[in-house]
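Peer 1: Structure: model.txt, compact mmCIF, C-alpha atoms and all ligand atoms.
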```txt
# COMPACT_ATOMS: atom_id res chain seq x y z
CA MET A 1 21.73 -209.43 -46.75
CA VAL A 2 24.88 -209.40 -44.67
CA LEU A 3 25.74 -212.98 -43.72
CA ALA A 4 29.09 -212.25 -42.17
CA VAL A 5 30.97 -209.11 -41.50
CA LEU A 6 34.64 -209.33 -40.74
CA ALA A 7 35.85 -206.11 -39.30
CA LEU A 8 39.57 -205.98 -39.91
CA ARG A 9 40.28 -202.32 -39.38
CA LYS A 10 43.91 -201.78 -38.60
CA GLU A 11 43.54 -198.33 -37.13
CA GLU A 12 43.59 -198.44 -33.39
CA VAL A 13 42.18 -195.93 -31.02
CA ASN A 14 45.21 -193.97 -29.90
CA SER A 15 44.82 -191.97 -26.70
CA GLY A 16 41.14 -191.62 -27.44
CA THR A 17 41.53 -190.29 -30.99
CA LEU A 18 41.43 -192.23 -34.23
CA LEU A 19 44.59 -192.07 -36.32
CA PRO A 20 44.02 -190.42 -39.71
CA MET A 21 42.75 -192.88 -42.29
CA PRO A 22 44.64 -193.31 -45.55
CA ASP A 23 43.21 -193.09 -49.07
CA PHE A 24 41.39 -196.26 -50.01
CA SER A 25 39.77 -198.16 -52.82
CA ILE A 26 37.13 -200.88 -52.98
CA GLY A 27 37.80 -204.39 -54.23
CA VAL A 28 34.95 -206.70 -55.21
CA ASP A 29 35.15 -210.43 -55.88
CA LEU A 30 32.00 -211.72 -57.50
CA GLY A 31 31.93 -215.50 -57.39
CA GLY A 32 29.24 -217.99 -58.23
CA THR A 33 28.20 -218.33 -54.57
CA ASN A 34 29.71 -215.39 -52.70
CA LEU A 35 29.96 -211.70 -53.29
CA ARG A 36 32.82 -210.22 -51.28
CA ILE A 37 33.60 -206.56 -50.95
CA ALA A 38 36.59 -205.00 -49.21
CA ALA A 39 37.86 -201.54 -48.42
CA VAL A 40 41.65 -201.57 -48.83
CA SER A 41 43.98 -198.66 -48.12
CA THR A 42 46.27 -197.57 -50.95
CA ASP A 43 49.22 -198.92 -48.94
CA GLY A 44 47.67 -202.40 -48.91
CA GLN A 45 45.89 -202.68 -45.56
CA LEU A 46 42.60 -204.54 -45.57
CA LEU A 47 40.35 -202.12 -43.69
CA GLU A 48 37.14 -204.11 -43.80
CA LYS A 49 35.70 -207.07 -45.64
CA ILE A 50 32.04 -207.90 -46.20
CA THR A 51 30.84 -211.30 -47.41
CA LEU A 52 27.36 -211.47 -48.91
CA GLY A 53 25.76 -214.75 -49.92
CA VAL A 54 24.76 -213.77 -53.42
CA LYS A 55 21.71 -215.37 -54.94
CA VAL A 56 22.73 -215.41 -58.56
CA ALA A 57 19.35 -216.98 -59.35
CA LEU A 58 17.64 -213.75 -58.30
CA GLY A 59 19.21 -212.16 -61.32
CA ARG A 60 21.76 -209.67 -62.45
CA ASP A 61 19.93 -206.54 -61.26
CA HIS A 62 19.54 -207.97 -57.75
CA VAL A 63 23.24 -208.86 -57.52
CA ILE A 64 24.37 -205.48 -58.85
CA GLY A 65 22.00 -203.75 -56.42
CA GLU A 66 23.41 -205.63 -53.41
CA MET A 67 26.94 -204.93 -54.60
CA CYS A 68 26.39 -201.21 -55.03
CA ASP A 69 24.65 -200.91 -51.63
CA ALA A 70 27.62 -202.58 -49.91
CA ILE A 71 30.18 -200.46 -51.79
CA HIS A 72 28.21 -197.38 -50.84
CA ARG A 73 28.18 -198.38 -47.15
CA LEU A 74 31.94 -198.92 -47.12
CA THR A 75 32.79 -195.72 -48.98
CA GLU A 76 30.59 -193.68 -46.63
CA GLN A 77 32.26 -195.29 -43.62
CA TYR A 78 35.86 -194.71 -44.73
CA ARG A 79 35.45 -191.47 -46.63
CA GLY A 80 35.97 -189.51 -43.39
CA SER A 81 39.59 -188.47 -43.79
CA GLY A 82 40.70 -190.77 -46.62
CA ARG A 83 39.96 -190.24 -50.30
CA PHE A 84 37.93 -192.90 -52.19
CA VAL A 85 40.07 -193.69 -55.24
CA GLY A 86 37.75 -196.05 -57.15
CA ALA A 87 36.47 -199.62 -57.30
CA GLY A 88 37.72 -202.76 -59.02
CA ILE A 89 35.46 -205.74 -59.63
CA GLY A 90 36.65 -209.25 -60.44
CA VAL A 91 34.09 -211.40 -62.24
CA PRO A 92 34.20 -215.03 -63.36
CA GLY A 93 34.05 -214.60 -67.09
CA ILE A 94 35.65 -213.16 -70.17
CA ILE A 95 35.55 -209.36 -70.21
CA ASP A 96 35.71 -207.05 -73.17
CA MET A 97 38.08 -204.48 -71.73
CA GLU A 98 37.04 -201.68 -74.09
CA THR A 99 33.31 -201.83 -73.49
CA GLY A 100 33.34 -203.18 -69.91
CA MET A 101 30.90 -205.88 -70.93
CA MET A 102 31.00 -209.54 -70.02
CA ARG A 103 31.38 -211.70 -73.11
CA MET A 104 30.94 -215.10 -71.52
CA SER A 105 30.37 -216.45 -68.03
CA ALA A 106 29.39 -219.99 -67.16
CA ASN A 107 28.58 -219.00 -63.55
CA LEU A 108 26.58 -215.84 -64.23
CA PRO A 109 23.82 -216.60 -66.71
CA GLY A 110 22.14 -213.49 -68.09
CA TRP A 111 25.17 -211.21 -67.65
CA ALA A 112 26.63 -211.55 -71.13
CA ASP A 113 26.49 -208.52 -73.42
CA TYR A 114 25.23 -206.29 -70.61
CA PRO A 115 27.14 -203.06 -69.86
CA VAL A 116 28.15 -204.18 -66.35
CA ARG A 117 30.89 -201.59 -65.81
CA ASP A 118 28.88 -198.61 -67.09
CA GLU A 119 25.83 -199.55 -65.03
CA ILE A 120 27.87 -199.83 -61.80
CA GLU A 121 29.70 -196.57 -62.57
CA ARG A 122 26.36 -194.87 -63.10
CA ARG A 123 25.01 -196.13 -59.77
CA LEU A 124 28.13 -195.30 -57.76
CA GLY A 125 29.13 -192.11 -59.52
CA ALA A 126 32.75 -193.33 -59.40
CA ARG A 127 35.33 -194.87 -61.71
CA VAL A 128 34.94 -198.65 -61.87
CA PHE A 129 37.37 -201.22 -63.28
CA LEU A 130 35.94 -204.56 -64.35
CA ASP A 131 38.24 -207.50 -64.95
CA ASN A 132 38.40 -211.27 -64.98
CA ASP A 133 38.70 -212.78 -61.47
CA ALA A 134 41.90 -214.71 -62.22
CA LYS A 135 43.61 -211.54 -63.44
CA MET A 136 42.50 -209.72 -60.28
CA ALA A 137 43.88 -212.56 -58.12
CA ALA A 138 47.22 -212.37 -59.95
CA MET A 139 47.31 -208.62 -59.38
CA GLY A 140 46.64 -209.21 -55.66
CA GLU A 141 49.46 -211.76 -55.35
CA LYS A 142 51.77 -209.40 -57.22
CA TRP A 143 50.91 -206.49 -54.92
CA MET A 144 50.73 -208.05 -51.43
CA GLY A 145 51.34 -211.80 -51.85
CA ALA A 146 53.85 -214.27 -53.26
CA GLY A 147 54.90 -212.02 -56.15
CA ARG A 148 55.53 -208.81 -54.26
CA ASP A 149 59.31 -208.90 -54.89
CA VAL A 150 59.17 -209.70 -58.61
CA ASP A 151 58.15 -207.65 -61.64
CA ASN A 152 57.30 -210.56 -63.91
CA MET A 153 55.11 -213.51 -62.99
CA ALA A 154 52.26 -215.71 -64.11
CA MET A 155 49.54 -217.08 -61.90
CA ILE A 156 47.57 -220.26 -62.36
CA THR A 157 44.37 -220.48 -60.30
CA LEU A 158 43.13 -224.00 -59.68
CA GLY A 159 39.45 -224.10 -58.80
CA THR A 160 36.35 -225.36 -60.56
CA GLY A 161 38.36 -224.72 -63.72
CA ILE A 162 41.78 -223.16 -64.29
CA GLY A 163 42.23 -219.40 -64.44
CA GLY A 164 45.38 -217.64 -65.49
CA ALA A 165 47.14 -214.34 -65.84
CA ILE A 166 50.52 -213.04 -66.95
CA ILE A 167 52.09 -209.96 -65.36
CA LEU A 168 55.01 -208.27 -67.14
CA ASN A 169 56.76 -205.26 -65.61
CA GLY A 170 54.02 -205.14 -62.99
CA LYS A 171 51.20 -204.93 -65.53
CA ILE A 172 48.64 -207.52 -66.57
CA VAL A 173 49.06 -208.77 -70.13
CA TYR A 174 45.67 -208.55 -71.82
CA GLY A 175 46.46 -209.48 -75.39
CA MET A 176 44.43 -208.01 -78.20
CA ASN A 177 41.05 -207.97 -76.45
CA GLY A 178 41.61 -209.15 -72.89
CA MET A 179 41.68 -212.88 -73.49
CA ALA A 180 45.38 -213.56 -72.80
CA GLY A 181 46.05 -216.04 -69.99
CA GLU A 182 43.44 -218.69 -70.76
CA PHE A 183 45.80 -221.38 -69.46
CA GLY A 184 42.93 -223.74 -68.62
CA HIS A 185 42.11 -224.26 -72.27
CA VAL A 186 45.61 -225.09 -73.44
CA THR A 187 45.60 -228.60 -74.92
CA ILE A 188 47.59 -231.11 -72.89
CA GLU A 189 46.01 -234.31 -74.34
CA PRO A 190 45.45 -234.31 -78.13
CA ASN A 191 42.61 -236.85 -77.89
CA GLY A 192 41.54 -236.04 -74.35
CA VAL A 193 38.14 -235.52 -72.79
CA PRO A 194 35.87 -232.88 -74.36
CA CYS A 195 35.79 -229.42 -72.79
CA GLY A 196 32.96 -226.89 -72.64
CA CYS A 197 35.08 -224.56 -74.78
CA GLY A 198 34.76 -226.91 -77.77
CA ASN A 199 38.29 -228.31 -77.58
CA HIS A 200 39.40 -231.76 -76.39
CA GLY A 201 42.02 -232.42 -73.71
CA CYS A 202 42.17 -228.95 -72.12
CA ALA A 203 44.37 -228.59 -69.02
CA GLU A 204 41.39 -227.82 -66.80
CA ARG A 205 39.83 -231.19 -67.64
CA TYR A 206 42.79 -232.81 -65.78
CA ALA A 207 43.98 -230.30 -63.17
CA SER A 208 41.00 -228.70 -61.42
CA ALA A 209 38.56 -229.60 -58.64
CA THR A 210 36.04 -230.66 -61.29
CA ALA A 211 38.66 -232.84 -62.96
CA VAL A 212 39.50 -234.64 -59.70
CA VAL A 213 35.85 -235.59 -59.19
CA ARG A 214 35.46 -236.63 -62.85
CA MET A 215 38.52 -238.88 -62.69
CA ALA A 216 37.24 -240.42 -59.43
CA ARG A 217 33.79 -241.09 -60.92
CA GLU A 218 35.41 -242.74 -63.95
CA ALA A 219 37.56 -244.92 -61.69
CA ILE A 220 34.44 -245.93 -59.76
CA GLU A 221 32.53 -246.78 -62.95
CA SER A 222 35.41 -249.01 -64.05
CA GLY A 223 34.75 -251.10 -60.93
CA GLN A 224 38.45 -250.99 -60.04
CA ALA A 225 38.32 -248.45 -57.21
CA PRO A 226 36.36 -249.91 -54.27
CA ALA A 227 37.56 -247.37 -51.67
CA LEU A 228 36.52 -244.47 -53.89
CA ALA A 229 33.17 -246.15 -54.55
CA LYS A 230 32.61 -246.55 -50.81
CA ALA A 231 33.51 -242.93 -50.14
CA ALA A 232 31.25 -241.70 -52.94
CA SER A 233 28.26 -243.67 -51.68
CA SER A 234 28.64 -242.50 -48.07
CA ASP A 235 29.53 -238.88 -48.83
CA ALA A 236 26.74 -236.74 -50.27
CA GLU A 237 29.24 -234.05 -51.17
CA PHE A 238 31.84 -236.29 -52.74
CA SER A 239 34.35 -233.60 -53.64
CA ALA A 240 37.98 -233.06 -54.55
CA ARG A 241 38.60 -232.65 -50.81
CA SER A 242 37.11 -236.07 -49.98
CA ILE A 243 39.33 -237.64 -52.65
CA TYR A 244 42.37 -235.76 -51.32
CA ASN A 245 41.60 -237.06 -47.82
CA LEU A 246 41.66 -240.62 -49.18
CA ALA A 247 44.93 -239.90 -51.01
CA ILE A 248 46.71 -238.73 -47.85
CA GLN A 249 45.40 -241.81 -46.04
CA GLY A 250 47.35 -243.81 -48.63
CA ASN A 251 44.53 -244.97 -50.91
CA GLU A 252 46.22 -245.88 -54.18
CA ASP A 253 43.28 -245.00 -56.48
CA ALA A 254 42.99 -241.52 -54.97
CA ARG A 255 46.76 -241.05 -55.16
CA LYS A 256 46.69 -241.96 -58.85
CA ILE A 257 44.17 -239.19 -59.49
CA PHE A 258 46.38 -236.54 -57.88
CA HIS A 259 49.38 -238.00 -59.71
CA ARG A 260 47.56 -237.49 -63.00
CA PHE A 261 46.62 -233.98 -61.81
CA GLY A 262 50.25 -233.15 -61.03
CA VAL A 263 51.55 -234.56 -64.33
CA SER A 264 48.93 -232.56 -66.25
CA LEU A 265 49.74 -229.36 -64.41
CA GLY A 266 53.43 -230.05 -65.01
CA ILE A 267 52.83 -230.35 -68.77
CA LEU A 268 50.97 -227.04 -68.79
CA LEU A 269 53.60 -225.29 -66.66
CA ALA A 270 56.48 -226.70 -68.72
CA GLY A 271 55.00 -225.03 -71.78
CA LEU A 272 54.47 -221.75 -69.97
CA ILE A 273 58.01 -221.74 -68.58
CA ASN A 274 59.53 -222.50 -71.99
CA ILE A 275 57.51 -219.74 -73.63
CA LEU A 276 57.72 -217.06 -70.96
CA ASN A 277 60.90 -217.72 -68.87
CA LEU A 278 59.46 -215.67 -66.01
CA GLU A 279 60.92 -215.22 -62.53
CA MET A 280 57.88 -216.65 -60.77
CA PHE A 281 54.87 -218.87 -61.35
CA VAL A 282 52.30 -218.62 -58.56
CA ILE A 283 49.79 -221.42 -58.13
CA GLY A 284 46.61 -220.47 -56.29
CA GLY A 285 42.96 -221.42 -55.92
CA GLY A 286 41.19 -223.76 -53.52
CA VAL A 287 42.88 -226.91 -54.82
CA ILE A 288 46.34 -225.82 -53.64
CA SER A 289 45.41 -227.32 -50.26
CA ALA A 290 46.22 -230.62 -52.07
CA TRP A 291 49.72 -229.33 -52.90
CA ASP A 292 51.55 -232.19 -51.17
CA ALA A 293 49.62 -234.70 -53.29
CA PHE A 294 50.13 -233.12 -56.73
CA ALA A 295 53.32 -231.03 -56.46
CA PRO A 296 55.92 -233.89 -56.48
CA PRO A 297 54.73 -235.34 -59.84
CA MET A 298 54.32 -231.78 -61.16
CA PHE A 299 57.96 -230.90 -60.41
CA ALA A 300 59.17 -234.24 -61.80
CA GLU A 301 57.29 -233.57 -65.02
CA LEU A 302 58.72 -230.06 -65.27
CA ARG A 303 62.27 -231.31 -65.07
CA GLU A 304 61.51 -233.88 -67.78
CA ARG A 305 59.73 -231.57 -70.16
CA SER A 306 61.14 -228.06 -69.78
CA LEU A 307 64.76 -227.36 -70.60
CA VAL A 308 64.28 -223.83 -69.29
CA TYR A 309 63.08 -225.18 -65.94
CA ALA A 310 65.85 -227.80 -65.79
CA ALA A 311 68.39 -224.99 -66.28
CA THR A 312 66.85 -222.65 -63.70
CA ALA A 313 65.29 -224.89 -61.02
CA PRO A 314 66.00 -224.06 -57.37
CA GLU A 315 67.66 -226.72 -55.20
CA ASP A 316 64.52 -227.90 -53.44
CA PRO A 317 61.52 -227.11 -55.60
CA VAL A 318 58.98 -229.10 -53.62
CA GLY A 319 59.74 -227.55 -50.28
CA LYS A 320 57.97 -228.21 -47.05
CA LYS A 321 54.75 -226.82 -45.67
CA GLU A 322 56.35 -223.37 -45.50
CA GLY A 323 57.64 -223.86 -49.03
CA ALA A 324 56.38 -220.58 -50.41
CA SER A 325 58.19 -218.29 -48.02
CA ALA A 326 61.25 -220.52 -47.85
CA GLN A 327 61.58 -220.40 -51.61
CA ILE A 328 61.17 -216.65 -51.67
CA ALA A 329 63.90 -216.36 -49.04
CA ASN A 330 66.24 -218.37 -51.28
CA TYR A 331 65.16 -216.50 -54.34
CA THR A 332 67.78 -215.38 -56.80
CA ARG A 333 67.18 -213.76 -60.16
CA LYS A 334 68.50 -216.81 -61.96
CA LYS A 335 65.95 -219.28 -60.60
CA THR A 336 62.45 -220.13 -61.77
CA ILE A 337 60.33 -219.95 -58.63
CA ILE A 338 57.15 -222.02 -58.59
CA THR A 339 55.27 -221.31 -55.43
CA GLN A 340 51.90 -221.38 -53.71
CA ALA A 341 49.82 -218.23 -53.55
CA LEU A 342 49.89 -216.54 -50.14
CA LEU A 343 46.64 -214.58 -49.93
CA GLY A 344 44.13 -217.42 -50.34
CA SER A 345 40.68 -216.27 -51.36
CA ASP A 346 41.57 -212.64 -50.52
CA ALA A 347 43.93 -212.37 -53.52
CA GLY A 348 41.09 -211.29 -55.79
CA LEU A 349 39.97 -208.62 -53.33
CA TYR A 350 43.46 -207.13 -53.02
CA GLY A 351 43.91 -207.21 -56.79
CA ALA A 352 40.56 -205.60 -57.47
CA ALA A 353 41.36 -202.88 -54.96
CA ARG A 354 44.82 -202.35 -56.46
CA VAL A 355 43.70 -201.82 -60.05
CA PRO A 356 42.08 -198.38 -59.52
CA THR A 357 45.20 -197.13 -57.71
CA ALA A 358 47.82 -198.52 -60.10
ZN ZN B 401 38.68 -225.97 -72.91
```
Go ahead and express the file in the form of structure tokens.
Peer 2:
Amino acid sequence: MVLAVLALRKEEVNSGTLLPMPDFSIGVDLGGTNLRIAAVSTDGQLLEKITLGVKVALGRDHVIGEMCDAIHRLTEQYRGSGRFVGAGIGVPGIIDMETGMMRMSANLPGWADYPVRDEIERRLGARVFLDNDAKMAAMGEKWMGAGRDVDNMAMITLGTGIGGAIILNGKIVYGMNGMAGEFGHVTIEPNGVPCGCGNHGCAERYASATAVVRMAREAIESGQAPALAKAASSDAEFSARSIYNLAIQGNEDARKIFHRFGVSLGILLAGLINILNLEMFVIGGGVISAWDAFAPPMFAELRERSLVYAATAPEDPVGKKEGASAQIANYTRKKTIITQALLGSDAGLYGAARVPTA
């Protein structure tokens, strides 16, 4: 069912006739709560975006059916004078790139070891590219977002967990079987809290939306954080955003949580910078709206822990609200740029649409 349709067609009626439409591809972002589908021209214009509330509980076949119907509608609509190049689909899980099957997905129960790519290709009669959602988002930022002027970058996506991707010479690094870029499960605390992956002290247990809420709940249980306890009891959806709101109001317990978040992210990034020495590290995902709360301790930690960063840091790494674009403007090849993603939740759609054309 169509819950919202955002018509973003760029073509304008010109003297009564439509301008010719360019070739296009379809990008799909399959999340745990939303299924979003976009038609994007091969020169990077978002032609139209459809958001479907996807009832994952209704099962895999239902979701794939809704997805294929929507892709079909869009391709029929834009096929007029432009050529349909193919579809890319970003999914929250680990993909086996050879077989196009999902190996593991916490958010999509029942999808593992099912030939997702082949089934969608069969239904659409078109070439389909299936990839992890964080890799698609990185591809989107590389193409039309923060990374459009660099060839080499990594992206860290901060959401429920931490997603990651490395792009070298404009191409995603997959590793042996597609699992490269699992930044969220890098150990940052040897004896830290257990993670669903089986390890202890993974980065995403300290620097994600889930981690913020966990740290707040622990502070409340200790009895030492009365303002957090009050907020939790009066707020049914006690979330990372509620805790951020307390932090910017000056609540010390909430500030401590985002300090820990920033330090943890700094430890992760310091390792990545030392290993990769890339031109740009893009930080995206919903939690970047808390940038002003976690970025200062993150940058301080980077300078402490990474000799590569200390040698290549720009003058003003924290920046202001317009930090991302300001930093890009000051960009030189000798600096390590750490910046916010620019495309928000559309990054994955752009990336998914880019993959079939690249
Ligand atoms: Zn883990």
Peer 1: Using only C-alpha atoms and all ligand atoms, find each protein or nucleic acid residue lying at most 10 Å from ligand ZN 401 (chain B); present the set as a VMD selection string.
Peer 2: chain A and resid 161 to 162 182 to 187 193 to 205
Peer 1: Near range 106-114 of chain A, counting only C-alpha atoms, which residues have an atom at most 7 Å away, once you skip same-chain residues fewer than 5 positions from it, shown as an MDAnalysis selection string?
Peer 2: chainID A and resid 32 56 60 92 101
Peer 1: Return the single residue from A:Ser105, A:Asn277, A:Thr75, A:Ser222 that is closest to Leu168 in chain A, with distances computed using only C-alpha atoms.
Peer 2: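 Closest candidate: A:Asn277.
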Peer 1: Closest to Glu252 in chain A among A:Ala311, A:Phe129, A:Arg83, A:Pro226, using all atoms listed in the file?
Peer 2: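 With all atoms listed in the file as the atom set, the closest residue is A:Pro226.
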Peer 1: Go ahead and compute the interatomic distance for CA of Val116 in chain A and CA of Ile64 in chain A, in Å to one decimal.
Peer 2: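 Going from CA of Val116 in chain A over to CA of Ile64 in chain A covers 8.5 Å.
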Peer 1: Have a look at CA of Ala207 in chain A and CA of Arg260 in chain A and let me know their distance in Å, one decimal.
Peer 2: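 Calculated distance between CA of Ala207 in chain A and CA of Arg260 in chain A is 8.0 Å.
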Peer 1: Could you please determine the separation between CA of Phe281 in chain A and CA of Arg354 in chain A in Å, to one decimal place?
Peer 2: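 So the two atoms, CA of Phe281 in chain A and CA of Arg354 in chain A, lie 19.9 Å apart.
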Peer 1: Go through A:Ile50, A:Ile248, A:Val213, A:Ala154 and flag the residue nearest Leu35 in chain A, using only C-alpha atoms for the distances.
Peer 2: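 Under the stated criterion, the closest residue is A:Ile50.
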Peer 1: Out of A:Val263, A:Ala232, A:Met97, A:Ile156, which residue has the shortest atom-to-atom distance to Gly178 in chain A when counting all atoms listed in the file?
Peer 2: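 For Gly178 in chain A, the nearest of the candidates is A:Met97.
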Peer 1: Between A:Thr160, A:Ser41, A:Asn132, A:Thr51, which has the minimum distance to Tyr78 in chain A (counting only C-alpha atoms)?
Peer 2: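 Using only C-alpha atoms, Tyr78 in chain A sits closest to A:Ser41.
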Peer 1: Would you kindly return, as a PyMOL selection string, each protein, DNA or RNA residue with an atom no farther than 12 Å from any atom of Glu218 in chain A, considering only C-alpha atoms and excluding same-chain residues fewer than 4 positions away?
Peer 2: chain A and resi 193+211-214+222-225+228-229+232+253-254+257
